file protein_3.pdb (PDB, C-alpha atoms)
MODEL        1
ATOM      1  CA  MET A 181      79.461  90.030  99.285
ATOM      2  CA  ARG A 182      79.309  93.543  97.812
ATOM      3  CA  PHE A 183      82.372  94.824  95.961
ATOM      4  CA  ARG A 184      83.548  98.254  94.931
ATOM      5  CA  ASN A 185      85.908  99.007  92.073
ATOM      6  CA  LYS A 186      89.351  99.457  93.594
ATOM      7  CA  HIS A 187      91.675  99.385  90.603
ATOM      8  CA  SER A 188      91.437  99.358  86.859
ATOM      9  CA  VAL A 189      94.755  99.162  85.064
ATOM     10  CA  ALA A 190      95.454  98.898  81.346
ATOM     11  CA  THR A 191      98.197  96.380  80.620
ATOM     12  CA  TYR A 192      99.441  96.268  77.038
ATOM     13  CA  MET A 193      96.180  95.520  75.287
ATOM     14  CA  ASP A 194      94.467  94.009  78.326
ATOM     15  CA  VAL A 195      92.556  95.591  81.184
ATOM     16  CA  LEU A 196      92.852  94.493  84.808
ATOM     17  CA  ILE A 197      89.786  95.186  86.919
ATOM     18  CA  ARG A 198      89.918  94.675  90.676
ATOM     19  CA  MET A 199      86.947  94.848  92.991
ATOM     20  CA  GLU A 200      87.267  94.797  96.777
ATOM     21  CA  ARG A 201      84.618  94.403  99.440
ATOM     22  CA  ALA A 202      82.464  97.493  99.914
ATOM     23  CA  ASP A 203      82.788  97.103 103.711
ATOM     24  CA  LYS A 204      86.621  97.227 103.277
ATOM     25  CA  ARG A 205      87.089  93.972 105.223
ATOM     26  CA  ASN A 206      90.504  92.511 104.370
ATOM     27  CA  ALA A 207      91.059  95.232 101.756
ATOM     28  CA  GLY A 208      94.247  95.785  99.806
ATOM     29  CA  LEU A 209      96.735  93.474  98.179
ATOM     30  CA  GLY A 210      96.594  90.033  99.715
ATOM     31  CA  GLY A 211      93.015  90.456 100.891
ATOM     32  CA  GLU A 212      89.607  89.513  99.573
ATOM     33  CA  HIS A 213      88.896  90.607  96.020
ATOM     34  CA  PHE A 214      87.498  89.736  92.640
ATOM     35  CA  SER A 215      89.874  90.543  89.804
ATOM     36  CA  ALA A 216      89.588  89.956  86.088
ATOM     37  CA  VAL A 217      91.784  90.493  83.057
ATOM     38  CA  VAL A 218      89.912  91.206  79.836
ATOM     39  CA  ALA A 219      91.469  91.713  76.404
ATOM     40  CA  THR A 220      90.389  94.771  74.426
ATOM     41  CA  SER A 221      88.583  92.326  72.132
ATOM     42  CA  GLY A 222      86.368  91.492  75.122
ATOM     43  CA  ARG A 223      87.851  88.006  75.583
ATOM     44  CA  LEU A 224      88.119  86.933  79.207
ATOM     45  CA  LYS A 225      91.762  86.110  79.907
ATOM     46  CA  GLY A 226      91.280  85.223  83.546
ATOM     47  CA  PHE A 227      89.767  86.011  86.914
ATOM     48  CA  VAL A 228      90.181  85.244  90.585
ATOM     49  CA  ARG A 229      87.567  85.203  93.305
ATOM     50  CA  MET A 230      89.379  85.426  96.635
ATOM     51  CA  ASP A 231      86.587  85.201  99.190
ATOM     52  CA  LEU A 232      86.854  83.915 102.759
ATOM     53  CA  ALA A 233      83.645  81.979 102.177
ATOM     54  CA  LEU A 234      85.818  79.589 100.121
ATOM     55  CA  ARG A 235      87.972  78.706 103.124
ATOM     56  CA  ASP A 236      85.777  75.862 104.330
ATOM     57  CA  GLY A 237      83.863  73.029 102.775
ATOM     58  CA  VAL A 238      84.392  69.770 100.980
ATOM     59  CA  LEU A 239      86.112  70.017  97.617
ATOM     60  CA  PRO A 240      84.492  68.524  94.540
ATOM     61  CA  SER A 241      85.819  65.194  93.311
ATOM     62  CA  GLN A 242      88.173  65.161  90.339
ATOM     63  CA  ASP A 243      85.319  64.138  88.043
ATOM     64  CA  GLU A 244      83.006  66.836  89.387
ATOM     65  CA  ALA A 245      85.723  69.516  89.110
ATOM     66  CA  HIS A 246      86.411  68.423  85.528
ATOM     67  CA  ASP A 247      82.708  68.643  84.626
ATOM     68  CA  ILE A 248      82.380  72.118  86.183
ATOM     69  CA  ALA A 249      85.548  73.291  84.409
ATOM     70  CA  MET A 250      84.313  72.028  81.027
ATOM     71  CA  ARG A 251      80.946  73.764  81.456
ATOM     72  CA  PHE A 252      82.706  77.000  82.434
ATOM     73  CA  LEU A 253      85.071  76.809  79.457
ATOM     74  CA  SER A 254      82.175  76.040  77.119
ATOM     75  CA  ASP A 255      80.456  79.237  78.259
ATOM     76  CA  HIS A 256      83.481  81.564  78.616
ATOM     77  CA  ALA A 257      86.458  80.214  76.628
ATOM     78  CA  ALA A 258      85.100  77.738  74.101
ATOM     79  CA  ASP A 259      88.104  78.299  71.829
ATOM     80  CA  LEU A 260      90.214  76.287  74.307
ATOM     81  CA  LEU A 261      88.099  73.131  74.111
ATOM     82  CA  PRO A 262      88.659  71.636  70.625
ATOM     83  CA  ARG A 263      92.333  70.702  71.145
ATOM     84  CA  HIS A 264      93.251  70.505  74.805
ATOM     85  CA  GLU A 265      94.784  67.962  77.131
ATOM     86  CA  VAL A 266      94.215  67.669  80.865
ATOM     87  CA  SER A 267      97.553  67.599  82.669
ATOM     88  CA  PHE A 268      96.224  66.939  86.166
ATOM     89  CA  ILE A 269      93.338  67.511  88.555
ATOM     90  CA  ALA A 270      94.349  68.055  92.187
ATOM     91  CA  PRO A 271      93.804  70.319  95.201
ATOM     92  CA  HIS A 272      95.459  73.723  94.910
ATOM     93  CA  ASP A 273      96.013  76.325  97.627
ATOM     94  CA  GLU A 274      95.765  80.087  97.301
ATOM     95  CA  ALA A 275      96.988  82.337 100.130
ATOM     96  CA  ILE A 276      94.857  85.218 101.354
ATOM     97  CA  ARG A 277      95.095  87.640 104.265
ATOM     98  CA  ALA A 278      92.195  87.735 106.699
ATOM     99  CA  ASP A 279      92.135  89.842 109.849
ATOM    100  CA  GLY A 280      95.871  90.464 109.490
ATOM    101  CA  LYS A 281      96.767  86.776 109.311
ATOM    102  CA  SER A 282      97.539  84.495 106.403
ATOM    103  CA  THR A 283      95.001  81.804 105.612
ATOM    104  CA  THR A 284      94.474  79.403 102.751
ATOM    105  CA  LEU A 285      91.679  78.918 100.241
ATOM    106  CA  THR A 286      91.764  75.504  98.595
ATOM    107  CA  GLY A 287      90.128  74.530  95.346
ATOM    108  CA  MET A 288      90.353  71.656  92.901
ATOM    109  CA  LYS A 289      92.633  72.685  90.029
ATOM    110  CA  VAL A 290      92.016  71.361  86.536
ATOM    111  CA  LYS A 291      95.265  72.162  84.688
ATOM    112  CA  MET A 292      95.208  71.858  80.907
ATOM    113  CA  ARG A 293      97.381  72.535  77.888
ATOM    114  CA  ASN A 294      96.192  74.095  74.648
ATOM    115  CA  LEU A 295      97.575  71.728  72.000
ATOM    116  CA  VAL A 296      97.239  74.406  69.308
ATOM    117  CA  ASP A 297      99.767  76.859  70.784
ATOM    118  CA  GLY A 298     101.318  74.934  73.706
ATOM    119  CA  ARG A 299     100.125  77.430  76.303
ATOM    120  CA  TRP A 300      98.656  76.375  79.626
ATOM    121  CA  PHE A 301      95.286  77.202  81.139
ATOM    122  CA  TRP A 302      93.410  76.118  84.227
ATOM    123  CA  VAL A 303      90.208  76.326  86.146
ATOM    124  CA  ILE A 304      90.131  76.044  89.941
ATOM    125  CA  VAL A 305      86.787  75.015  91.401
ATOM    126  CA  GLY A 306      85.958  75.962  94.992
ATOM    127  CA  ALA A 307      84.125  73.952  97.623
ATOM    128  CA  ASP A 308      80.973  75.879  96.634
ATOM    129  CA  ARG A 309      81.166  74.190  93.194
ATOM    130  CA  GLU A 310      81.796  77.548  91.519
ATOM    131  CA  VAL A 311      84.918  78.626  89.646
ATOM    132  CA  MET A 312      87.278  80.563  91.903
ATOM    133  CA  VAL A 313      90.164  80.966  89.413
ATOM    134  CA  PHE A 314      90.482  80.875  85.646
ATOM    135  CA  GLU A 315      93.704  81.683  83.817
ATOM    136  CA  ARG A 316      94.649  81.188  80.189
ATOM    137  CA  ASP A 317      97.570  81.810  77.812
ATOM    138  CA  ILE A 318     100.188  80.881  80.409
ATOM    139  CA  VAL A 319     103.699  80.468  79.036
ATOM    140  CA  TRP A 320     106.012  78.269  81.079
ATOM    141  CA  ALA A 321     109.806  78.775  81.081
ATOM    142  CA  ASN A 322     110.868  75.140  81.318
ATOM    143  CA  LEU A 323     114.575  75.795  81.892
ATOM    144  CA  GLU A 324     113.835  78.055  84.857
ATOM    145  CA  GLY A 325     110.976  75.842  86.073
ATOM    146  CA  ARG A 326     108.644  78.799  86.512
ATOM    147  CA  ARG A 327     105.941  80.782  84.820
ATOM    148  CA  GLN A 328     107.115  83.283  82.220
ATOM    149  CA  SER A 329     103.804  85.112  81.679
ATOM    150  CA  GLU A 330     102.796  88.090  83.790
ATOM    151  CA  LYS A 331     100.734  87.265  86.861
ATOM    152  CA  TRP A 332      98.277  90.157  86.763
ATOM    153  CA  LEU A 333      95.774  88.250  88.908
ATOM    154  CA  HIS A 334      98.274  87.418  91.677
ATOM    155  CA  ASP A 335      98.648  89.975  94.467
ATOM    156  CA  SER A 336     102.195  88.844  95.322
ATOM    157  CA  TRP A 337     103.278  89.590  91.738
ATOM    158  CA  LEU A 338     101.473  92.952  91.719
ATOM    159  CA  ALA A 339     103.226  93.933  94.959
ATOM    160  CA  GLU A 340     106.614  93.122  93.393
ATOM    161  CA  GLN A 341     105.851  95.447  90.460
ATOM    162  CA  HIS A 342     105.470  98.551  92.651
TER     163      HIS A 342
ENDMDL
END
call {"tool": "encode", "arguments": {"input": "protein_3.pdb", "output": "structure tokens"}}
result
Amino acid sequence: MRFRNKHSVATYMDVLIRMERADKRNAGLGGEHFSAVVATSGRLKGFVRMDLALRDGVLPSQDEAHDIAMRFLSDHAADLLPRHEVSFIAPHDEAIRADGKSTTLTGMKVKMRNLVDGRWFWVIVGADREVMVFERDIVWANLEGRRQSEKWLHDSWLAEQH
């Protein structure tokens, strides 16, 4: 899939980069895209790969998803590995719009907690055995039972901001 740069937005000290398909199929918020948030230091804070090719296929097992997540973190966020705890590994759905209709991409989510600062992070592995979502530094508001951190990689949150 070829992508073109659709948006690049500076957020505080981070940069959001969004790429959409060059053929404009399922373009716009809710559609297919690759988005990443990078800190000005160059540290990858997260990315999503919303691609219809991830709609089908057999998910990796929990053990396989864990192994893929650990390899990814070792290469791209090694600072999270020394003191972390796996909370759960389970299927996770992400909604996407395709041809004007809602559809679901499912991956195997490996949700973890950074024991150094108490923040959450996760890796979601697609049926293609590649990482489809990575997010880090997530703060959870326990009393409200919801995420407190901005959701720069989530189209529904971006739409609410406009």
call {"tool": "closest_residue", "arguments": {"input": "protein_3.pdb", "among": "A:Ile269, A:Ala307, A:Leu260, A:Leu196", "to": "A:Arg293", "atoms": "only C-alpha atoms"}}
result
A:Leu260
call {"tool": "closest_atom_pairs", "arguments": {"input": "protein_3.pdb", "of": "stretch 251-304 of chain A", "to": "stretch 212-223 of chain A", "cutoff": "9 Å", "atoms": "all atoms listed in the file", "output": "tab-separated table"}}
result
residue	atom	partner	partner_atom	distance
A:His256	CA	A:Arg223	CA	8.4
A:Ala257	CA	A:Arg223	CA	8.0
A:Ile276	CA	A:Glu212	CA	7.0
A:Arg277	CA	A:Glu212	CA	7.5
A:Ala278	CA	A:Glu212	CA	7.8
call {"tool": "atom_distance", "arguments": {"input": "protein_3.pdb", "atom1": "atom CA of A:Lys289", "atom2": "atom CA of A:Ala249"}}
result
9.1 Å
call {"tool": "resolve_selection", "arguments": {"input": "protein_3.pdb", "expression": "the PyMOL selection byres ((chain A and resi 227) around 8)", "output": "number ranges by chain"}}
result
A: 214-217, 224-226, 228-229, 312-315, 333
call {"tool": "closest_residue", "arguments": {"input": "protein_3.pdb", "among": "A:Ala202, A:Ala270, A:Leu209, A:Leu232", "to": "A:Thr284", "atoms": "only C-alpha atoms"}}
result
A:Leu232
call {"tool": "residues_around", "arguments": {"input": "protein_3.pdb", "residues": "A:Leu261", "least_positions_apart": "2", "cutoff": "10 Å", "atoms": "all atoms listed in the file", "output": "number ranges by chain"}}
result
A: 250, 253-254, 257-259, 263-265, 292, 294-295
call {"tool": "write_last_selection", "arguments": {"input": "protein_3.pdb", "atoms": "C-alpha atoms", "output": "PDB file, in the coordinates of the input"}}
result
ATOM      1  CA  MET A 250      84.313  72.028  81.027  1.00  0.00           C
ATOM      2  CA  LEU A 253      85.071  76.809  79.457  1.00  0.00           C
ATOM      3  CA  SER A 254      82.175  76.040  77.119  1.00  0.00           C
ATOM      4  CA  ALA A 257      86.458  80.214  76.628  1.00  0.00           C
ATOM      5  CA  ALA A 258      85.100  77.738  74.101  1.00  0.00           C
ATOM      6  CA  ASP A 259      88.104  78.299  71.829  1.00  0.00           C
ATOM      7  CA  ARG A 263      92.333  70.702  71.145  1.00  0.00           C
ATOM      8  CA  HIS A 264      93.251  70.505  74.805  1.00  0.00           C
ATOM      9  CA  GLU A 265      94.784  67.962  77.131  1.00  0.00           C
ATOM     10  CA  MET A 292      95.208  71.858  80.907  1.00  0.00           C
ATOM     11  CA  ASN A 294      96.192  74.095  74.648  1.00  0.00           C
ATOM     12  CA  LEU A 295      97.575  71.728  72.000  1.00  0.00           C
TER      13      LEU A 295
END
call {"tool": "residues_around", "arguments": {"input": "protein_3.pdb", "residues": "A:Arg309", "least_positions_apart": "5", "cutoff": "9 Å", "atoms": "all atoms listed in the file", "output": "PyMOL selection string"}}
result
chain A and resi 239-240+244-245+248
